[in-house]
Every structure is written in C-alpha cells, then in structure tokens.
Amino acid sequence: MTAPEPGFGIYVHWPFCLSKCPYCDFNSHVRDTVDHARWRSALLAEIDHYADRTPDRTVTSIFFGGGTPSLMEPATAAAVIDRIAERWPVAPSLEITLEANPSSVEADRFAALAIAGVNRVSLGVQALDDRSLNFLGRRHNAAEAMAALALAKRNFARVSFDLIYARPEQTVADWRAELTQAIQEGTEHLSVYQLTIEDGTKFATLAARGELAIPDEDTQAALFEMTQDILTDAGMPAYEISNHARPGAECRHNLTYWRYGDYVGVGPGAHGRLNEGGQKLATRAHRAPEIWLERVEAKGHGAHEDVPVTMAERRAELLMMGLRLAEGVARARLREELGADAGELVDPTALKRLVDGGFLAVDDEALRATPAGLQRLNAVLAALLG
C-alpha cells in the first residue's frame, strides 16, 4: 500500500496581535502601528525567494498563521495568494486557511478575506463562557464568539474553531456541557487543546508563584477520554491527537506537517522543511519582526542559513509528527523518507514492549499509537527513540 500523499504547503506568518494571551508562547508581538504596505512587499519578496528554490512543486495548501492574521489587510492576503499562484502550480482543490479571532474588528473583514481567496477559517474561540474567556485573556466574550462563528459560516466554505480545556477548576461535567454546545454549532472541524503551562508566559509566572493550578493528571485523562467519546459519537472522530473533523474535512495543511511533507515558511520566525538535492533541509526565519523586515528588504529574505536534517533527526521528526495521527506512520512513508522500515529504525525490544503494553499497534501498513499511547505520547516517543 502506498503512503498518503503529504502535499506541499506554504505557511505565512503574521506576527502581530492586539494583546498577548497569558498562555501563548508563539512568536507574536503587540505593536501600536504596522506599515501594511511595507509588510506586504516583504512577504511577497520572501515568497519569490522560495519559489525560485522550488519551481517544480505543486502547492496544495496555504496557511496564514500568527499572531493574528485576521488583523492583516485583506489586500495583503489577496496579494500573497495571487503571488503564490503566479510562482507555483496550485492544486485545483487548493486549501487556503486563515486564523482569526472572534472580535468584531476582525470579523468585519471576513467578507473581504473570502473575496481575497481564503476558503477556510480557523477561529480562536477558546471557551464558551465569559468567565473562562476572561481568565484566558481573550478580547471577546461568548456572545461575540457565537456571532463571529455565524458570520464565518456565511462567508467561508469551511470553518473550524478552537477550544482549550483542563482549565483551573474545570470539571468533567463542565467540559461535557461545553463540548455539547460546540457540537451544536455545526462546524466541520474542531480543535481541542489541553491547557499547558509554557515557559516564558504569564501563566508560567503565576504557576511558579502558586497562583495557578490546572487539574490533576487523573482529571486531565478523564477530560481527554470524554472528548474522544463525545466527538466520535457526534461524527467528528480525532484524526490527530487534538483535532477532530467530519470525514473529508481534515485540515490538509496540517496533514502536510504530520505526514512529514515539505513546506515553505514565510514571515518572521517561520520555519520549513525542504527536500533539495537528496537531503532534507530545515529553514528558519529570524524571529524579531523588525529585523526580519530589514533583512528581507536588504537581501530578499529573512532566513537564517539552511541546516541539513540528519537521518536520525528525520526519523525522530517523522515519528513524532506521524504518531500524533490516527492513521499513524505509513511504513511506505518510512521507506520513502528514510529508506528503511519501522523494524529497522527503532530498538526491536522497545517496540515489542510498547506493543505488548498496549501503547503501539503495528501491522503491514503502519505504526500507530493506541488510545492509551496517545495519552502518553511523549513517554512512548522517548522509549521508541531512546
């Protein structure tokens, strides 16, 4: 059996936000003013740089991430989409996703963004009650979130939204009610992320002071298991550890990452993976927005020097990404990318122990994490790769 085609994606990073959320460790920045024309020119220049390197690829997806790309002028989104279509062949079913927040400032741009070519939107709702939204530092309330979701469904062919669970004092009953309400909104895709405390965030500071505590591991596990059961019963099974979709509605761009396909990263802090000349190369742009902008204007791109990805690193990345998927890692994909099969890439004793323990399943087609393995994926990967 052949492996699923991973596709070739273009990620475009818009680094600006109206405010910094207390749980966020992404490359996002608050600025009083943004020169949109200057940023538009720089994004187009970096697109040209990567198009010159990969002229024979067919783009299957474009993803505007951030930051808050719904703060981008629709003219910038249109220019980026048009330039990509000018410089590469694009698939007839090209998926163009843009992340958006539900505030009225961004929702007012939905119609213009749809005209620009965006055909899928991912809304950062995060919670469905005002108390939780305030705790998470969001700028919208629950009513605004529902209004933005309704507006998104009128403007875009495909709509997803995010929720964060395992919040302080959240019970299984609370989360069940919230998930039930989310399902009733009728979107094709739902991303549900367990709250984690990331270094360098406001929440990390509060946790270190003992002023913030998330649910214990048993409660987290119960919340995770209930999420799988409820969304599967609703016709939205998990195709990735945190992402649920109706059949055929999976995010194609993210599948490119998880299937370890090639992708271009455009914008400050964006990274990519490119197969060139028989080797896998890691690309990475400078994180600081102003420095990235100056570098692009000086030399046509803001990237650091490419770094070859060793075979050991490729093995680790492929397994780390692919085992997040319900489909797992196709054995054919292992052979394509690494020239070897699963049995040759990992310690057979460790593999047997994980299979016997009920954490991994191996058959003629793929290596997959079981439901128990998904809950302990970091430990499974450590054992598998150690």
# chains A, B, ... in the order shown; residues from 1 in each chain; ligands from 1
$ select_by_dssp --residues "segment 206-319 of chain A" --states "strand (DSSP E or B)" --output "PyMOL selection string"
chain A and resi 238-240+243-245+262-266+271-276+279-285+303+307-308
$ residues_around --residues "segment 192-204 of chain A" --least-positions-apart "3" --cutoff "10 Å" --atoms "only C-alpha atoms" --output "PyMOL selection string"
chain A and resi 20-26+126+136+161-168+179+207-215+220+223-224+227+238+241-244
$ write_last_selection --atoms "C-alpha atoms" --output "PDB file, in the first residue's frame"
ATOM      1  CA  LYS A  20      -0.617  38.851  24.278  1.00  0.00           C
ATOM      2  CA  CYS A  21      -2.635  35.978  25.739  1.00  0.00           C
ATOM      3  CA  PRO A  22      -1.269  34.694  29.077  1.00  0.00           C
ATOM      4  CA  TYR A  23      -0.926  31.086  27.850  1.00  0.00           C
ATOM      5  CA  CYS A  24       0.700  31.898  24.487  1.00  0.00           C
ATOM      6  CA  ASP A  25       4.349  31.192  23.692  1.00  0.00           C
ATOM      7  CA  PHE A  26       4.019  31.752  19.929  1.00  0.00           C
ATOM      8  CA  GLN A 126     -11.046  29.002  23.144  1.00  0.00           C
ATOM      9  CA  LEU A 136      -7.632  33.146  29.186  1.00  0.00           C
ATOM     10  CA  PHE A 161     -12.769  26.672  15.831  1.00  0.00           C
ATOM     11  CA  ASP A 162     -10.505  26.049  18.814  1.00  0.00           C
ATOM     12  CA  LEU A 163     -11.299  25.295  22.438  1.00  0.00           C
ATOM     13  CA  ILE A 164      -8.948  24.971  25.412  1.00  0.00           C
ATOM     14  CA  TYR A 165      -9.820  22.505  28.183  1.00  0.00           C
ATOM     15  CA  ALA A 166      -8.328  21.351  31.506  1.00  0.00           C
ATOM     16  CA  ARG A 167      -8.694  24.892  32.783  1.00  0.00           C
ATOM     17  CA  PRO A 168      -8.422  25.526  36.545  1.00  0.00           C
ATOM     18  CA  LEU A 179     -18.454  20.235  24.114  1.00  0.00           C
ATOM     19  CA  ALA A 207       2.094  28.871  38.340  1.00  0.00           C
ATOM     20  CA  ALA A 208       5.581  29.394  39.764  1.00  0.00           C
ATOM     21  CA  ARG A 209       4.071  31.636  42.440  1.00  0.00           C
ATOM     22  CA  GLY A 210       1.462  29.029  43.277  1.00  0.00           C
ATOM     23  CA  GLU A 211      -1.307  31.295  41.989  1.00  0.00           C
ATOM     24  CA  LEU A 212      -2.483  28.992  39.173  1.00  0.00           C
ATOM     25  CA  ALA A 213      -3.160  25.273  39.277  1.00  0.00           C
ATOM     26  CA  ILE A 214      -4.517  23.135  36.442  1.00  0.00           C
ATOM     27  CA  PRO A 215      -6.476  19.905  37.016  1.00  0.00           C
ATOM     28  CA  GLN A 220      -6.896  15.556  32.569  1.00  0.00           C
ATOM     29  CA  LEU A 223     -11.348  15.006  30.142  1.00  0.00           C
ATOM     30  CA  PHE A 224      -9.304  13.651  27.232  1.00  0.00           C
ATOM     31  CA  THR A 227     -13.571  14.364  24.481  1.00  0.00           C
ATOM     32  CA  ALA A 238      -9.972  12.544  16.158  1.00  0.00           C
ATOM     33  CA  ILE A 241      -4.417  13.933  18.907  1.00  0.00           C
ATOM     34  CA  SER A 242      -6.080  17.363  19.313  1.00  0.00           C
ATOM     35  CA  ASN A 243      -8.038  17.714  16.071  1.00  0.00           C
ATOM     36  CA  HIS A 244     -11.468  16.332  15.203  1.00  0.00           C
TER      37      HIS A 244
END
$ residues_around --residues "segment 367-381 of chain A" --least-positions-apart "6" --cutoff "8 Å" --atoms "only C-alpha atoms" --output "VMD selection string"
chain A and resid 221 224 241 319 to 320 323 to 331 342 354 358 to 361
$ write_last_selection --atoms "N, CA and C atoms" --output "short mmCIF file (atom, residue, chain, number, x, y, z; two decimals), in the first residue's frame"
data_model
loop_
_atom_site.label_atom_id
_atom_site.label_comp_id
_atom_site.auth_asym_id
_atom_site.auth_seq_id
_atom_site.Cartn_x
_atom_site.Cartn_y
_atom_site.Cartn_z
N ALA A 221 -6.84 13.16 32.20
CA ALA A 221 -7.07 11.93 31.43
C ALA A 221 -8.57 11.71 31.22
N PHE A 224 -9.76 14.09 28.55
CA PHE A 224 -9.30 13.65 27.23
C PHE A 224 -10.17 12.50 26.72
N ILE A 241 -4.22 13.99 17.47
CA ILE A 241 -4.42 13.93 18.91
C ILE A 241 -5.32 15.05 19.44
N LEU A 319 8.49 10.30 13.18
CA LEU A 319 7.73 9.54 14.17
C LEU A 319 6.99 10.46 15.14
N MET A 320 7.63 11.56 15.54
CA MET A 320 6.99 12.50 16.46
C MET A 320 5.75 13.13 15.84
N LEU A 323 2.98 9.89 14.63
CA LEU A 323 2.28 9.14 15.66
C LEU A 323 1.18 9.96 16.33
N ARG A 324 1.12 11.26 16.04
CA ARG A 324 0.00 12.07 16.51
C ARG A 324 -1.28 11.75 15.74
N LEU A 325 -1.14 11.17 14.55
CA LEU A 325 -2.27 10.91 13.67
C LEU A 325 -2.94 9.58 13.98
N ALA A 326 -4.26 9.54 13.79
CA ALA A 326 -4.97 8.27 13.93
C ALA A 326 -4.48 7.25 12.91
N GLU A 327 -4.11 7.72 11.73
CA GLU A 327 -3.62 6.82 10.69
C GLU A 327 -2.21 6.33 10.98
N GLY A 328 -1.51 7.01 11.89
CA GLY A 328 -0.15 6.63 12.23
C GLY A 328 0.86 6.98 11.16
N VAL A 329 1.99 6.29 11.20
CA VAL A 329 3.06 6.50 10.24
C VAL A 329 3.05 5.33 9.26
N ALA A 330 2.79 5.63 8.01
CA ALA A 330 2.77 4.57 7.00
C ALA A 330 4.16 3.98 6.83
N ARG A 331 4.24 2.66 6.78
CA ARG A 331 5.55 2.03 6.58
C ARG A 331 6.13 2.42 5.23
N ALA A 342 9.99 0.29 9.67
CA ALA A 342 9.86 0.55 11.10
C ALA A 342 10.74 -0.37 11.93
N LEU A 354 6.36 -1.80 23.86
CA LEU A 354 5.28 -0.83 23.68
C LEU A 354 4.04 -1.47 23.06
N GLY A 358 0.27 -2.30 25.02
CA GLY A 358 -0.95 -1.69 24.51
C GLY A 358 -0.82 -0.23 24.13
N PHE A 359 0.42 0.25 23.90
CA PHE A 359 0.63 1.66 23.58
C PHE A 359 0.85 1.90 22.08
N LEU A 360 1.29 0.88 21.38
CA LEU A 360 1.50 0.96 19.93
C LEU A 360 0.86 -0.23 19.25
N ALA A 361 0.44 -0.01 18.01
CA ALA A 361 -0.06 -1.10 17.18
C ALA A 361 0.72 -1.08 15.87
#
$ residues_around --residues "Pro15 of chain A" --least-positions-apart "5" --cutoff "10 Å" --atoms "only C-alpha atoms" --output "list in words"
Phe26, Asn27, Ser28, His29, Val30, Arg31, Gly65, Gly66, Gly67, Thr68, Pro69, Leu71, Met72, Gly267, Pro268, Gly269, Ala270, Arg287, Ala288 and Pro289 of chain A
$ select_by_dssp --residues "segment 129-377 of chain A" --states "helix (DSSP H, G or I)" --output "ChimeraX atom specification"
/A:130-135,142-155,172-184,202-208,217-233,252-258,289-299,311-322,331-338,342-345,348-356,371-375,377
$ write_last_selection --atoms "C-alpha atoms" --output "CSV table (one decimal), in the first residue's frame"
chain,number,residue,atom,x,y,z
A,130,ASP,CA,-17.3,34.8,29.7
A,131,ARG,CA,-15.5,33.8,33.0
A,132,SER,CA,-13.2,31.4,31.2
A,133,LEU,CA,-12.6,33.8,28.3
A,134,ASN,CA,-11.5,36.5,30.8
A,135,PHE,CA,-9.2,34.0,32.6
A,142,ALA,CA,-19.1,34.4,24.4
A,143,ALA,CA,-21.8,36.3,22.6
A,144,GLU,CA,-19.2,37.9,20.2
A,145,ALA,CA,-17.7,34.4,19.6
A,146,MET,CA,-21.0,33.0,18.6
A,147,ALA,CA,-21.7,36.0,16.3
A,148,ALA,CA,-18.3,35.7,14.7
A,149,LEU,CA,-18.8,31.9,14.2
A,150,ALA,CA,-22.2,32.6,12.5
A,151,LEU,CA,-20.6,35.2,10.3
A,152,ALA,CA,-17.7,32.9,9.4
A,153,LYS,CA,-20.1,30.2,8.3
A,154,ARG,CA,-21.9,32.6,6.0
A,155,ASN,CA,-18.6,33.7,4.4
A,172,VAL,CA,-15.8,16.7,33.6
A,173,ALA,CA,-19.4,17.9,33.7
A,174,ASP,CA,-18.4,21.4,32.8
A,175,TRP,CA,-16.5,20.2,29.8
A,176,ARG,CA,-19.2,17.8,28.7
A,177,ALA,CA,-21.7,20.7,28.6
A,178,GLU,CA,-19.2,22.9,26.7
A,179,LEU,CA,-18.5,20.2,24.1
A,180,THR,CA,-22.2,19.6,23.6
A,181,GLN,CA,-22.7,23.3,22.9
A,182,ALA,CA,-19.7,23.3,20.5
A,183,ILE,CA,-21.1,20.4,18.5
A,184,GLN,CA,-24.4,22.2,18.2
A,202,LYS,CA,2.3,34.9,32.1
A,203,PHE,CA,0.7,31.7,33.2
A,204,ALA,CA,4.1,30.2,33.9
A,205,THR,CA,4.9,33.1,36.2
A,206,LEU,CA,1.6,32.6,38.0
A,207,ALA,CA,2.1,28.9,38.3
A,208,ALA,CA,5.6,29.4,39.8
A,217,GLU,CA,-3.4,14.1,35.8
A,218,ASP,CA,-6.4,11.8,36.5
A,219,THR,CA,-8.8,14.7,35.7
A,220,GLN,CA,-6.9,15.6,32.6
A,221,ALA,CA,-7.1,11.9,31.4
A,222,ALA,CA,-10.8,11.8,32.1
A,223,LEU,CA,-11.3,15.0,30.1
A,224,PHE,CA,-9.3,13.7,27.2
A,225,GLU,CA,-11.2,10.3,27.1
A,226,MET,CA,-14.5,12.0,27.3
A,227,THR,CA,-13.6,14.4,24.5
A,228,GLN,CA,-12.8,11.4,22.2
A,229,ASP,CA,-16.0,9.6,23.1
A,230,ILE,CA,-18.3,12.6,22.7
A,231,LEU,CA,-16.9,13.9,19.4
A,232,THR,CA,-16.6,10.4,17.9
A,233,ASP,CA,-20.3,9.8,18.7
A,252,ARG,CA,-5.0,19.5,4.6
A,253,HIS,CA,-2.2,21.9,5.5
A,254,ASN,CA,-1.6,20.4,9.0
A,255,LEU,CA,-1.7,17.0,7.5
A,256,THR,CA,1.3,18.0,5.4
A,257,TYR,CA,3.2,18.7,8.6
A,258,TRP,CA,2.0,15.5,10.3
A,289,PRO,CA,9.6,41.2,13.2
A,290,GLU,CA,11.7,44.4,12.6
A,291,ILE,CA,14.9,42.5,12.0
A,292,TRP,CA,13.2,40.1,9.6
A,293,LEU,CA,11.7,43.0,7.7
A,294,GLU,CA,15.1,44.8,7.4
A,295,ARG,CA,16.8,41.5,6.2
A,296,VAL,CA,14.1,40.9,3.5
A,297,GLU,CA,14.5,44.5,2.2
A,298,ALA,CA,18.3,44.1,2.1
A,299,LYS,CA,18.6,40.6,0.5
A,311,MET,CA,18.8,10.9,9.2
A,312,ALA,CA,18.5,10.5,13.0
A,313,GLU,CA,16.6,13.8,13.2
A,314,ARG,CA,14.4,12.9,10.2
A,315,ARG,CA,13.5,9.6,11.9
A,316,ALA,CA,12.6,11.4,15.1
A,317,GLU,CA,10.6,14.1,13.4
A,318,LEU,CA,8.7,11.7,11.2
A,319,LEU,CA,7.7,9.5,14.2
A,320,MET,CA,7.0,12.5,16.5
A,321,MET,CA,4.7,14.0,13.9
A,322,GLY,CA,3.1,10.9,12.4
A,331,ARG,CA,5.5,2.0,6.6
A,332,ALA,CA,5.7,3.1,2.9
A,333,ARG,CA,6.4,6.7,4.1
A,334,LEU,CA,9.2,5.5,6.3
A,335,ARG,CA,10.8,3.8,3.3
A,336,GLU,CA,10.3,6.8,1.1
A,337,GLU,CA,11.8,9.3,3.6
A,338,LEU,CA,14.4,7.2,5.3
A,342,ALA,CA,9.9,0.6,11.1
A,343,GLY,CA,11.6,-2.6,12.3
A,344,GLU,CA,14.9,-1.3,11.2
A,345,LEU,CA,14.5,2.2,12.6
A,348,PRO,CA,13.0,-4.0,18.5
A,349,THR,CA,12.9,-4.7,22.2
A,350,ALA,CA,11.4,-1.3,22.9
A,351,LEU,CA,9.0,-1.7,20.1
A,352,LYS,CA,7.8,-5.1,21.4
A,353,ARG,CA,7.5,-3.7,24.9
A,354,LEU,CA,5.3,-0.8,23.7
A,355,VAL,CA,3.1,-3.1,21.5
A,356,ASP,CA,2.7,-5.7,24.3
A,371,PRO,CA,-5.7,5.5,22.6
A,372,ALA,CA,-3.6,4.6,25.6
A,373,GLY,CA,-0.4,5.5,23.7
A,374,LEU,CA,-1.8,8.9,22.6
A,375,GLN,CA,-2.4,9.9,26.2
A,377,LEU,CA,2.8,10.1,23.6
$ residues_around --residues "Ala51 of chain A" --least-positions-apart "3" --cutoff "10 Å" --atoms "only C-alpha atoms" --output "ChimeraX atom specification"
/A:45-48,54-57,83-84,86-88,264
$ write_last_selection --atoms "C-alpha atoms" --output "PDB file, in the first residue's frame"
ATOM      1  CA  ALA A  45       9.713  39.117  -1.716  1.00  0.00           C
ATOM      2  CA  GLU A  46      10.236  36.117   0.549  1.00  0.00           C
ATOM      3  CA  ILE A  47       7.658  34.132  -1.433  1.00  0.00           C
ATOM      4  CA  ASP A  48       9.705  34.863  -4.563  1.00  0.00           C
ATOM      5  CA  THR A  54      11.174  25.064  -5.524  1.00  0.00           C
ATOM      6  CA  PRO A  55       9.832  25.762  -9.025  1.00  0.00           C
ATOM      7  CA  ASP A  56       8.677  22.215  -9.718  1.00  0.00           C
ATOM      8  CA  ARG A  57       6.354  21.798  -6.720  1.00  0.00           C
ATOM      9  CA  ARG A  83       1.746  35.738  -5.908  1.00  0.00           C
ATOM     10  CA  ILE A  84       1.804  32.100  -4.806  1.00  0.00           C
ATOM     11  CA  GLU A  86       1.807  33.103 -10.094  1.00  0.00           C
ATOM     12  CA  ARG A  87       5.002  31.451  -8.883  1.00  0.00           C
ATOM     13  CA  TRP A  88       3.903  27.820  -8.378  1.00  0.00           C
ATOM     14  CA  VAL A 264       7.777  26.648   2.942  1.00  0.00           C
TER      15      VAL A 264
END
$ residues_around --residues "segment 272-278 of chain A" --least-positions-apart "5" --cutoff "7 Å" --atoms "only C-alpha atoms" --output "MDAnalysis selection string"
chainID A and resid 262:265 283:284
$ atom_distance --atom1 "atom CA of His140 of chain A" --atom2 "atom CA of Ser103 of chain A"
5.3 Å
$ closest_residue --among "A:Leu128, A:Leu44, A:Ala112, A:Val121" --to "Glu188 of chain A" --atoms "only C-alpha atoms"
A:Val121
$ residues_around --residues "Asn119 of chain A" --least-positions-apart "6" --cutoff "6 Å" --atoms "only C-alpha atoms" --output "PyMOL selection string"
chain A and resi 96+156-157
